[in-house]
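Student: What follows is a structure written as structure tokens; I'll ask about it next.
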Amino acid sequence: MEEFAALLDTLVYTTSRNRKLALIADYLRETPDPDRGWALAALTGELDFPAVKSSTIRNLMKDRVDPVLWTLSRDFVGDTAETASLLWPEPERREGNVPSVSQVVEMLGALNRNTAPKELPALLDRLDANGRFALIKLATGGMRIGISARLAKTAFAQAFDVSVDEVEEYWHALQAPYPELFAWGADGGDPPDVSNRPRFRPFMLAHPLEDTEVDVADYAAEWKWDGIRIQLVRVGGESRLYSRSGDDISATFPELLDVLPMDAVVDGELLVRGAQQGGPENEKTQGGAASFNALQQRLGRKTVSKKMLAEAPAFVRLYDVLIVEGEDLREQAWTTRRAALEALMPRLPDTHFDLSSLVDARDFEHLAEIREGARDDAIEGLMLKRRDSPYIAGRKVGLWYKWKRDPLLIDAVLMYAQRGSGKRSSFYSDYTFGCWDGDPDTGAELLPVGKAYSGFTDAELKKLDRLVRQTTLNRFGPVREVERTLVFEVAFDSVHTSKRHKSGLAMRFPRIHRIRWDKPVHEADRIESLRALIRD
Amino acid sequence: MSAPFSWIRPEPWGVHIVPADCWVDPGKAVDRALVTHGHADHARGGHGETYATPETLAIMALRYRTGLADESGEIPTKAIPVEHGETIRLPGDVDATYIPAGHVLGSAQILLEHAGERVVITGDYKRRPDPTCAPFRVTPCDIFITEATFGLPVFTHPPIEDEIAKLTKALTDNPDKSVLVGAYALGKAQRVIAELRAAGHHDPIYLHGAMEKMCRLYEEHGVQLGELRLVSDHTKDEMRGSIIVAPPSALNDRWSRRLPEPITAMASGWMLVRGRARQRGVELPLVISDHADWNELTRTIDEVDPQEVWITHGREEALLRWCELGQRKARALALVGREDEDD
């Protein structure tokens, strides 16, 4: 537990991705089984101990610390686990050894709501403040230390010099503490046998088209829908739904788990029912998807209410089929897989599946025209897929392209800047910008509408950094408020209503398109112009 | 005869000693000031007369030209030295005694006596040993006016040896990089350097320009700091594998771009709270404080055992609650502008 606590503590203070990877990789190499497997599960949020909740910890503390002092401390520290780890009364003498991660997991797993208040104190007494912090974080879940599942897998791959795609393939089929994964990665054993278990296959991804032109004879075109890319897997009657990063999101969309009538692996866009995302010609066959904003209400939930299932039911618009009834089609050409997918459609319930239709164009110019026309339909753009391309994990040049519709643009005023991390750690590189809430010449104010941290060159960054430092009005921790002097032309994919922001708006993928050193701030756009672009 | 303790009056900008018409650590310029130590939230320039220890006066001369002549040769701000242990008689039959506070070089508590009543104003203090200043002395009194910067029970400062070991280990683990330590220019910086020397670290330590004069002042007062060099005189490569000390404001400043792959450390009591360290982008938090932690605060109140505790600058509420739980009479004073800067 000491090493794990030290790892957590260091990760908390590490901002560089490479250093995080190195720290986790070192830990995985140096820690024995099964401790390292449990630690990996803890870091990726895959452990759950129903008997220990944040309230369990609060109740323990109430018996030990004056409630007023607890509340004052908790408010100052801002984190229950950390406050409790600091306020836990140090025992006169530590009883017993410091437990290992596996022992902790075993003990926590054996607790129920009645035994937890008695057993947890004994466990906490065996640890120092850092250890207590790690224990409480591990027990209550939600590390919140900026480690994604993908980062953890990459660290595993780096630790044992194996391919991250392979790690990805096995990972989801295995259970913590992943003995088979370590036997293969760390000890050079056989790859885990995951043939009979549902697992994630890394997605085939696309490059931006940019200035490339393709021949429509070689490339098929289809809409790029504005939902979330998913993979639905059924093996031996058991189904799993995976997100683009490979996270298991089955619990978030339970309505999709029992709907594949055969064992298969399919790739598609998850959407919720609504009237926004049709498709220009064939509203009947491709109608009925809501905007991304509606879908967003359903993301990230561990449980789903009946009301939500009824109001915003999910379905999958299919792009591809990887495996069907034991036959692996990934080596086959896209045309073959597409034919297999089309043949599959009549067997799938149309309540939960439809087929992403192809876009027919005479030539590339015609395709460009169609893409322009698609602007109003909350479609992200077009996908271009080489007709003879196999299904290959990752991004391979020349096979798939994404051709997003041109971004929306707005002129906004720089209001706040925040220091970046890693290479940019001494630079103000994250910019919050705003639009006018009325006529700036008659006393309108700027309201923040978004934040961007990309789209400029290193030289521009230096210049922006200097401007921020020279025009600072206020400092709030790492954030500086600046004088309103600079206009950004901001590019973004779409804009939606949002209760979270004062302006009532949230932009998707905002980035700096151009820095308008020349433009006076009163000529920046007003909130109304942005609001007119909403397609909720 | 007037009501008990009516001769001493807490005001927003300092404690007023009425019969002597004199202020302790006033936040604005006054005719007569008693100053506990040289930090900017206690000491400022422009007082007609400043009573402080010789060390504090030296610091104030450096920072505010206190006691120094102006262009015309006049001395507009008079400096009156009071040694630790010395008692001076102020107008209005008030006696003031300066007692070591253990906070920074020259820091003092001030014992005020009038009409048989005793009041101690601690200024800032700590109870841990510090090679750069004289240790705190417990002084019995009726009213104890204590600081409460770290007045929350979460604050238990670890032994400084542990934190210094973390610092030297970071250096050993990263011989090609450097460790940049943010430390307040008066007190913290010199204490960290002195503790490093005591732990056997004798390599040159590099300083941000803003640190140089204060380090020299400490050395003139007998605090040995070993070989110090200025960052501006050296190249990136020369500084690899070294410790660099800078004021906290320089940590994320453009200034740090001239350093060889610095690991950002910060020596402060606030570093105990992870969120505080993360906010400042600190990779190596060093929990080193020149203030009393919760246990020192409460132990000191118990040892001094006054009739009444007055609590100033910091988290007064929690210490007030602690006094209430222990049935001690206590009140919080709302003094303006007393915050920790970058302790």
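Ligands are numbered from 1 in the order shown, chains are lettered A, B, ... in the order of the structure tokens, and residues start at 1 in each chain.
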Report as JSON lines the residues of chain B within 8 Å of chain A, each with its shortest atom pair and distance in Å (one decimal), using only C-alpha atoms, ordered by chain and increasing residue number.

Tutor:
```
{"residue": "B:Leu152", "atom": "CA", "partner": "A:Ser73", "partner_atom": "CA", "distance": 6.2}
{"residue": "B:Pro153", "atom": "CA", "partner": "A:Leu87", "partner_atom": "CA", "distance": 6.7}
{"residue": "B:Val154", "atom": "CA", "partner": "A:Leu86", "partner_atom": "CA", "distance": 5.3}
{"residue": "B:Phe155", "atom": "CA", "partner": "A:Leu86", "partner_atom": "CA", "distance": 7.7}
{"residue": "B:Asn252", "atom": "CA", "partner": "A:Ser426", "partner_atom": "CA", "distance": 4.9}
{"residue": "B:Asp253", "atom": "CA", "partner": "A:Ser426", "partner_atom": "CA", "distance": 5.9}
{"residue": "B:Arg254", "atom": "CA", "partner": "A:Ser426", "partner_atom": "CA", "distance": 6.2}
{"residue": "B:Ser256", "atom": "CA", "partner": "A:Ser426", "partner_atom": "CA", "distance": 7.8}
{"residue": "B:Arg257", "atom": "CA", "partner": "A:Ser426", "partner_atom": "CA", "distance": 7.8}
{"residue": "B:Val273", "atom": "CA", "partner": "A:Val77", "partner_atom": "CA", "distance": 6.3}
{"residue": "B:Arg274", "atom": "CA", "partner": "A:Val12", "partner_atom": "CA", "distance": 7.5}
{"residue": "B:Gly275", "atom": "CA", "partner": "A:Val77", "partner_atom": "CA", "distance": 7.3}
{"residue": "B:Ala277", "atom": "CA", "partner": "A:Tyr13", "partner_atom": "CA", "distance": 7.4}
{"residue": "B:Arg278", "atom": "CA", "partner": "A:Tyr13", "partner_atom": "CA", "distance": 6.1}
{"residue": "B:Gln279", "atom": "CA", "partner": "A:Pro478", "partner_atom": "CA", "distance": 6.5}
{"residue": "B:Arg280", "atom": "CA", "partner": "A:Pro478", "partner_atom": "CA", "distance": 6.7}
{"residue": "B:Gly281", "atom": "CA", "partner": "A:Tyr13", "partner_atom": "CA", "distance": 7.5}
{"residue": "B:Val282", "atom": "CA", "partner": "A:Tyr13", "partner_atom": "CA", "distance": 6.5}
{"residue": "B:Glu283", "atom": "CA", "partner": "A:Tyr13", "partner_atom": "CA", "distance": 4.7}
{"residue": "B:Leu284", "atom": "CA", "partner": "A:Tyr13", "partner_atom": "CA", "distance": 7.0}
{"residue": "B:Ala318", "atom": "CA", "partner": "A:Leu69", "partner_atom": "CA", "distance": 5.9}
{"residue": "B:Arg321", "atom": "CA", "partner": "A:Leu69", "partner_atom": "CA", "distance": 7.4}
```

Student: Please provide the set of residues having any atom within 9 Å of Arg317 of chain A, restricted to only C-alpha atoms, with same-chain residues fewer than 5 positions apart removed, written as a list in words.

Tutor: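 Once the nearby chain positions are removed, what remains is Trp225, Asp267, Gly268, Glu269, Leu270, Leu271, Gln286, His352, Phe353, Asp354, Leu355 and Ser356 of chain A.
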
Student: Could you write out that same residue set with C-alpha atoms as a CSV table (one decimal), in the first residue's frame?

Tutor:
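Saved file selection22.csv follows:
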```csv
chain,number,residue,atom,x,y,z
A,225,TRP,CA,-23.3,11.6,-37.8
A,267,ASP,CA,-19.4,-0.4,-35.4
A,268,GLY,CA,-21.8,2.5,-35.5
A,269,GLU,CA,-22.9,5.9,-34.2
A,270,LEU,CA,-25.0,5.9,-31.0
A,271,LEU,CA,-27.8,8.4,-31.3
A,286,GLN,CA,-32.8,8.0,-41.6
A,352,HIS,CA,-32.6,-0.1,-32.2
A,353,PHE,CA,-30.7,-0.2,-35.5
A,354,ASP,CA,-30.6,1.5,-38.8
A,355,LEU,CA,-28.1,1.6,-41.6
A,356,SER,CA,-25.9,4.6,-42.2
```

Student: Applying 12 Å and only C-alpha atoms, which residues near Leu62 of chain B remain after dropping the ones on its own chain fewer than 6 positions away? List them as an MDAnalysis selection string.

Tutor: chainID B and resid 38 43:45 55:56 68 186 212:218

Student: For the residues in that selection, give me N, CA, C and O atoms as a short mmCIF file (atom, residue, chain, number, x, y, z; two decimals), in the first residue's frame.

Tutor:
```
data_model
loop_
_atom_site.label_atom_id
_atom_site.label_comp_id
_atom_site.auth_asym_id
_atom_site.auth_seq_id
_atom_site.Cartn_x
_atom_site.Cartn_y
_atom_site.Cartn_z
N GLY B 38 9.81 41.49 10.16
CA GLY B 38 9.97 42.25 8.92
C GLY B 38 9.05 41.91 7.77
O GLY B 38 9.13 42.54 6.71
N ALA B 43 5.34 44.76 8.87
CA ALA B 43 6.25 45.90 8.86
C ALA B 43 5.98 46.72 7.60
O ALA B 43 5.75 46.17 6.53
N ARG B 44 6.00 48.02 7.74
CA ARG B 44 5.90 48.87 6.55
C ARG B 44 6.71 50.14 6.82
O ARG B 44 7.10 50.41 7.96
N GLY B 45 6.94 50.90 5.77
CA GLY B 45 7.75 52.10 5.93
C GLY B 45 6.90 53.28 6.36
O GLY B 45 5.67 53.18 6.46
N GLU B 55 17.74 43.17 14.26
CA GLU B 55 17.65 42.39 13.02
C GLU B 55 16.46 42.86 12.18
O GLU B 55 16.56 43.04 10.96
N THR B 56 15.32 43.03 12.86
CA THR B 56 14.12 43.49 12.13
C THR B 56 14.37 44.89 11.55
O THR B 56 13.97 45.17 10.41
N LEU B 68 17.13 55.23 7.80
CA LEU B 68 18.21 55.72 6.93
C LEU B 68 17.94 57.17 6.54
O LEU B 68 16.80 57.62 6.49
N LEU B 186 12.05 36.38 2.55
CA LEU B 186 12.52 36.68 3.90
C LEU B 186 12.15 35.53 4.83
O LEU B 186 10.98 35.31 5.11
N GLU B 212 19.04 37.80 -3.20
CA GLU B 212 20.46 37.98 -2.88
C GLU B 212 20.69 38.83 -1.63
O GLU B 212 21.41 38.44 -0.71
N LYS B 213 20.06 40.01 -1.61
CA LYS B 213 20.36 40.94 -0.53
C LYS B 213 19.92 40.39 0.83
O LYS B 213 20.62 40.57 1.83
N MET B 214 18.76 39.74 0.85
CA MET B 214 18.28 39.22 2.12
C MET B 214 19.17 38.10 2.63
O MET B 214 19.45 38.00 3.82
N CYS B 215 19.68 37.28 1.70
CA CYS B 215 20.59 36.21 2.12
C CYS B 215 21.87 36.82 2.70
O CYS B 215 22.40 36.34 3.71
N ARG B 216 22.35 37.89 2.06
CA ARG B 216 23.55 38.54 2.56
C ARG B 216 23.30 39.11 3.96
O ARG B 216 24.13 38.99 4.85
N LEU B 217 22.12 39.71 4.15
CA LEU B 217 21.77 40.26 5.45
C LEU B 217 21.78 39.17 6.53
O LEU B 217 22.28 39.35 7.63
N TYR B 218 21.22 38.02 6.20
CA TYR B 218 21.22 36.90 7.15
C TYR B 218 22.66 36.51 7.51
O TYR B 218 22.97 36.28 8.67
#
```

Student: Report, in Å to a single decimal, how far apart atom CA of Gly381 of chain A and atom CA of Asp226 of chain A are.

Tutor: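 Computing it gives 8.7 Å between the two atoms.
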
Student: Which residues are near Met266 of chain B? Cut-off 12 Å, only C-alpha atoms, ignore same chain within fewer than 6 positions. Put them as a count of residues only.

Tutor: 41

Student: Among segment 58-127 of chain B, which residues carry a DSSP assignment of strand (DSSP E), reported as a PyMOL selection string?

Tutor: chain B and resi 78-81+87-90+94-100+108-114+117-121

Student: Excluding same-chain residues fewer than 2 positions from segment 172-175 of chain B, what lies within 10 Å of it counting only C-alpha atoms, as a ChimeraX atom specification?

Tutor: /B:166-170,177-179,240-242,261-263

Student: Next, write the just-selected residues to a file, as an mmCIF file, in the first residue's frame, keeping all heavy atoms as the atom set.

Tutor:
```cif
data_model
loop_
_atom_site.group_PDB
_atom_site.id
_atom_site.type_symbol
_atom_site.label_atom_id
_atom_site.label_comp_id
_atom_site.auth_asym_id
_atom_site.auth_seq_id
_atom_site.Cartn_x
_atom_site.Cartn_y
_atom_site.Cartn_z
ATOM 1 N N LYS B 166 13.219 14.925 0.990
ATOM 2 C CA LYS B 166 12.477 14.841 -0.282
ATOM 3 C C LYS B 166 13.161 15.687 -1.350
ATOM 4 O O LYS B 166 13.274 15.309 -2.508
ATOM 5 C CB LYS B 166 11.039 15.374 -0.101
ATOM 6 C CG LYS B 166 10.053 14.399 0.460
ATOM 7 C CD LYS B 166 8.624 14.770 0.047
ATOM 8 C CE LYS B 166 7.965 15.683 1.027
ATOM 9 N NZ LYS B 166 6.574 16.057 0.735
ATOM 10 N N LEU B 167 13.609 16.862 -0.909
ATOM 11 C CA LEU B 167 14.249 17.805 -1.831
ATOM 12 C C LEU B 167 15.579 17.254 -2.356
ATOM 13 O O LEU B 167 15.822 17.249 -3.564
ATOM 14 C CB LEU B 167 14.455 19.135 -1.092
ATOM 15 C CG LEU B 167 15.184 20.270 -1.784
ATOM 16 C CD1 LEU B 167 14.564 20.568 -3.138
ATOM 17 C CD2 LEU B 167 15.131 21.528 -0.914
ATOM 18 N N THR B 168 16.411 16.738 -1.459
ATOM 19 C CA THR B 168 17.710 16.239 -1.928
ATOM 20 C C THR B 168 17.539 14.961 -2.744
ATOM 21 O O THR B 168 18.285 14.700 -3.673
ATOM 22 C CB THR B 168 18.670 15.993 -0.746
ATOM 23 O OG1 THR B 168 17.995 15.236 0.250
ATOM 24 C CG2 THR B 168 19.123 17.299 -0.132
ATOM 25 N N LYS B 169 16.491 14.174 -2.416
ATOM 26 C CA LYS B 169 16.249 12.953 -3.190
ATOM 27 C C LYS B 169 15.839 13.306 -4.626
ATOM 28 O O LYS B 169 16.299 12.667 -5.581
ATOM 29 C CB LYS B 169 15.148 12.120 -2.532
ATOM 30 C CG LYS B 169 14.866 10.812 -3.271
ATOM 31 C CD LYS B 169 13.902 9.926 -2.506
ATOM 32 C CE LYS B 169 13.707 8.580 -3.195
ATOM 33 N NZ LYS B 169 13.156 8.697 -4.566
ATOM 34 N N ALA B 170 15.026 14.330 -4.779
ATOM 35 C CA ALA B 170 14.613 14.749 -6.129
ATOM 36 C C ALA B 170 15.835 15.113 -6.960
ATOM 37 O O ALA B 170 15.910 14.854 -8.158
ATOM 38 C CB ALA B 170 13.652 15.927 -6.051
ATOM 39 N N LYS B 177 18.590 17.402 -14.302
ATOM 40 C CA LYS B 177 17.634 18.497 -14.222
ATOM 41 C C LYS B 177 18.048 19.448 -13.097
ATOM 42 O O LYS B 177 19.173 19.405 -12.624
ATOM 43 C CB LYS B 177 16.240 17.939 -13.950
ATOM 44 C CG LYS B 177 15.760 16.989 -15.031
ATOM 45 C CD LYS B 177 14.323 16.611 -14.763
ATOM 46 C CE LYS B 177 13.806 15.694 -15.858
ATOM 47 N NZ LYS B 177 12.413 15.344 -15.610
ATOM 48 N N SER B 178 17.095 20.270 -12.678
ATOM 49 C CA SER B 178 17.351 21.115 -11.524
ATOM 50 C C SER B 178 16.064 21.146 -10.704
ATOM 51 O O SER B 178 15.007 20.788 -11.202
ATOM 52 C CB SER B 178 17.726 22.526 -11.974
ATOM 53 O OG SER B 178 16.673 23.085 -12.734
ATOM 54 N N VAL B 179 16.205 21.525 -9.452
ATOM 55 C CA VAL B 179 15.006 21.666 -8.628
ATOM 56 C C VAL B 179 14.867 23.133 -8.265
ATOM 57 O O VAL B 179 15.765 23.732 -7.673
ATOM 58 C CB VAL B 179 15.067 20.805 -7.354
ATOM 59 C CG1 VAL B 179 13.751 20.948 -6.571
ATOM 60 C CG2 VAL B 179 15.306 19.342 -7.704
ATOM 61 N N ARG B 240 22.741 22.444 -13.964
ATOM 62 C CA ARG B 240 22.154 21.097 -13.917
ATOM 63 C C ARG B 240 22.524 20.410 -12.613
ATOM 64 O O ARG B 240 23.647 20.516 -12.142
ATOM 65 C CB ARG B 240 22.663 20.248 -15.092
ATOM 66 C CG ARG B 240 21.890 20.540 -16.338
ATOM 67 C CD ARG B 240 22.209 19.622 -17.491
ATOM 68 N NE ARG B 240 21.892 20.325 -18.738
ATOM 69 C CZ ARG B 240 20.646 20.479 -19.204
ATOM 70 N NH1 ARG B 240 19.624 19.944 -18.556
ATOM 71 N NH2 ARG B 240 20.430 21.147 -20.314
ATOM 72 N N GLY B 241 21.560 19.684 -12.059
ATOM 73 C CA GLY B 241 21.806 18.962 -10.815
ATOM 74 C C GLY B 241 21.859 19.860 -9.600
ATOM 75 O O GLY B 241 22.361 19.450 -8.556
ATOM 76 N N SER B 242 21.363 21.096 -9.722
ATOM 77 C CA SER B 242 21.459 22.039 -8.608
ATOM 78 C C SER B 242 20.086 22.438 -8.075
ATOM 79 O O SER B 242 19.068 22.249 -8.721
ATOM 80 C CB SER B 242 22.178 23.311 -9.055
ATOM 81 O OG SER B 242 23.472 22.999 -9.474
ATOM 82 N N GLU B 261 15.547 22.341 -17.190
ATOM 83 C CA GLU B 261 14.438 21.425 -16.890
ATOM 84 C C GLU B 261 14.069 21.410 -15.412
ATOM 85 O O GLU B 261 14.206 20.400 -14.724
ATOM 86 C CB GLU B 261 14.788 20.001 -17.315
ATOM 87 C CG GLU B 261 15.011 19.856 -18.801
ATOM 88 C CD GLU B 261 15.526 18.474 -19.137
ATOM 89 O OE1 GLU B 261 14.745 17.522 -18.989
ATOM 90 O OE2 GLU B 261 16.703 18.357 -19.500
ATOM 91 N N PRO B 262 13.610 22.528 -14.909
ATOM 92 C CA PRO B 262 13.363 22.592 -13.469
ATOM 93 C C PRO B 262 12.178 21.739 -13.020
ATOM 94 O O PRO B 262 11.152 21.705 -13.685
ATOM 95 C CB PRO B 262 13.055 24.081 -13.239
ATOM 96 C CG PRO B 262 12.542 24.573 -14.553
ATOM 97 C CD PRO B 262 13.262 23.777 -15.605
ATOM 98 N N ILE B 263 12.374 21.062 -11.904
ATOM 99 C CA ILE B 263 11.259 20.427 -11.196
ATOM 100 C C ILE B 263 10.768 21.485 -10.213
ATOM 101 O O ILE B 263 11.552 22.009 -9.425
ATOM 102 C CB ILE B 263 11.738 19.182 -10.433
ATOM 103 C CG1 ILE B 263 12.260 18.141 -11.421
ATOM 104 C CG2 ILE B 263 10.624 18.618 -9.552
ATOM 105 C CD1 ILE B 263 13.046 17.034 -10.757
#
```

Student: Applying 7 Å and only C-alpha atoms, which residues near segment 387-389 of chain A remain after dropping the ones on its own chain fewer than 2 positions away? List them as an mmCIF file with all heavy atoms, in the first residue's frame.

Tutor:
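What ended up in result-v5.cif:
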```
data_model
loop_
_atom_site.group_PDB
_atom_site.id
_atom_site.type_symbol
_atom_site.label_atom_id
_atom_site.label_comp_id
_atom_site.auth_asym_id
_atom_site.auth_seq_id
_atom_site.Cartn_x
_atom_site.Cartn_y
_atom_site.Cartn_z
ATOM 1 N N ASP A 218 -13.046 5.111 -56.148
ATOM 2 C CA ASP A 218 -12.246 4.339 -55.184
ATOM 3 C C ASP A 218 -12.764 4.463 -53.761
ATOM 4 O O ASP A 218 -12.460 3.652 -52.902
ATOM 5 C CB ASP A 218 -10.788 4.822 -55.198
ATOM 6 C CG ASP A 218 -10.131 4.600 -56.550
ATOM 7 O OD1 ASP A 218 -10.585 3.663 -57.255
ATOM 8 O OD2 ASP A 218 -9.208 5.362 -56.891
ATOM 9 N N TYR A 219 -13.491 5.542 -53.524
ATOM 10 C CA TYR A 219 -13.919 5.818 -52.145
ATOM 11 C C TYR A 219 -15.436 5.913 -52.060
ATOM 12 O O TYR A 219 -16.066 6.601 -52.865
ATOM 13 C CB TYR A 219 -13.319 7.137 -51.647
ATOM 14 C CG TYR A 219 -11.848 7.031 -51.311
ATOM 15 C CD1 TYR A 219 -10.880 7.129 -52.310
ATOM 16 C CD2 TYR A 219 -11.438 6.824 -49.992
ATOM 17 C CE1 TYR A 219 -9.533 7.025 -52.013
ATOM 18 C CE2 TYR A 219 -10.082 6.720 -49.688
ATOM 19 C CZ TYR A 219 -9.132 6.818 -50.697
ATOM 20 O OH TYR A 219 -7.812 6.714 -50.387
ATOM 21 N N ALA A 220 -15.986 5.237 -51.082
ATOM 22 C CA ALA A 220 -17.410 5.384 -50.788
ATOM 23 C C ALA A 220 -17.572 6.526 -49.805
ATOM 24 O O ALA A 220 -16.693 6.762 -48.970
ATOM 25 C CB ALA A 220 -17.955 4.098 -50.187
ATOM 26 N N ALA A 333 -12.376 -6.576 -47.711
ATOM 27 C CA ALA A 333 -12.513 -5.209 -48.216
ATOM 28 C C ALA A 333 -13.776 -4.575 -47.653
ATOM 29 O O ALA A 333 -14.738 -5.275 -47.304
ATOM 30 C CB ALA A 333 -12.578 -5.219 -49.748
ATOM 31 N N TRP A 334 -13.758 -3.224 -47.625
ATOM 32 C CA TRP A 334 -14.919 -2.507 -47.115
ATOM 33 C C TRP A 334 -16.192 -2.912 -47.860
ATOM 34 O O TRP A 334 -17.233 -3.127 -47.267
ATOM 35 C CB TRP A 334 -14.684 -0.992 -47.240
ATOM 36 C CG TRP A 334 -15.908 -0.212 -46.865
ATOM 37 C CD1 TRP A 334 -16.291 0.159 -45.619
ATOM 38 C CD2 TRP A 334 -16.935 0.240 -47.758
ATOM 39 N NE1 TRP A 334 -17.484 0.817 -45.665
ATOM 40 C CE2 TRP A 334 -17.908 0.893 -46.973
ATOM 41 C CE3 TRP A 334 -17.129 0.164 -49.144
ATOM 42 C CZ2 TRP A 334 -19.062 1.459 -47.523
ATOM 43 C CZ3 TRP A 334 -18.279 0.720 -49.697
ATOM 44 C CH2 TRP A 334 -19.234 1.370 -48.882
ATOM 45 N N THR A 335 -16.103 -3.075 -49.227
ATOM 46 C CA THR A 335 -17.273 -3.443 -50.030
ATOM 47 C C THR A 335 -17.876 -4.758 -49.544
ATOM 48 O O THR A 335 -19.097 -4.894 -49.468
ATOM 49 C CB THR A 335 -16.889 -3.632 -51.524
ATOM 50 O OG1 THR A 335 -15.479 -3.584 -51.648
ATOM 51 C CG2 THR A 335 -17.536 -2.607 -52.402
ATOM 52 N N LYS A 385 -14.413 6.360 -47.397
ATOM 53 C CA LYS A 385 -13.779 5.085 -47.062
ATOM 54 C C LYS A 385 -13.329 4.382 -48.335
ATOM 55 O O LYS A 385 -14.132 4.167 -49.246
ATOM 56 C CB LYS A 385 -14.770 4.218 -46.289
ATOM 57 C CG LYS A 385 -15.190 4.867 -44.975
ATOM 58 C CD LYS A 385 -16.194 4.029 -44.206
ATOM 59 C CE LYS A 385 -16.464 4.671 -42.848
ATOM 60 N NZ LYS A 385 -17.501 3.946 -42.097
ATOM 61 N N TYR A 391 -10.431 -3.585 -42.304
ATOM 62 C CA TYR A 391 -10.699 -2.859 -41.059
ATOM 63 C C TYR A 391 -9.447 -2.936 -40.195
ATOM 64 O O TYR A 391 -9.127 -3.978 -39.629
ATOM 65 C CB TYR A 391 -11.891 -3.474 -40.337
ATOM 66 C CG TYR A 391 -12.429 -2.579 -39.226
ATOM 67 C CD1 TYR A 391 -13.521 -1.741 -39.464
ATOM 68 C CD2 TYR A 391 -11.854 -2.566 -37.958
ATOM 69 C CE1 TYR A 391 -14.015 -0.915 -38.470
ATOM 70 C CE2 TYR A 391 -12.335 -1.735 -36.951
ATOM 71 C CZ TYR A 391 -13.424 -0.913 -37.221
ATOM 72 O OH TYR A 391 -13.901 -0.096 -36.230
ATOM 73 N N LEU A 399 -6.649 5.355 -46.168
ATOM 74 C CA LEU A 399 -7.774 4.422 -46.168
ATOM 75 C C LEU A 399 -9.093 5.128 -45.867
ATOM 76 O O LEU A 399 -10.026 5.048 -46.657
ATOM 77 C CB LEU A 399 -7.523 3.300 -45.155
ATOM 78 C CG LEU A 399 -6.307 2.410 -45.464
ATOM 79 C CD1 LEU A 399 -6.234 1.244 -44.498
ATOM 80 C CD2 LEU A 399 -6.345 1.883 -46.903
#
```

Student: Rounded to one decimal place, report the atom CA of Ile534 of chain A-atom CA of Pro510 of chain A distance in Å.

Tutor: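 Between atom CA of Ile534 of chain A and atom CA of Pro510 of chain A the gap is 14.4 Å.
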
Student: For the helix (DSSP H, G or I) assignment from backbone DSSP, which residues of segment 148-310 of chain B qualify? Please present them as a PyMOL selection string.

Tutor: chain B and resi 160-173+188-198+209-220+231-233+237-239+248-250+254-258+269-272+274-279+294-304

Student: Skipping near chain neighbours, those fewer than 6 positions away, what residues fall within 6 Å of segment 94-107 of chain B using only C-alpha atoms, listed as a PyMOL selection string?

Tutor: chain B and resi 36-37+53+55-56+84-88+113-114+125-126+132-136+187+290

Student: Rounded to one decimal, what separation in Å do you get between atom CA of Asp437 of chain A and atom CA of Phe476 of chain A?

Tutor: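 Pair atom CA of Asp437 of chain A / atom CA of Phe476 of chain A returns 23.9 Å.
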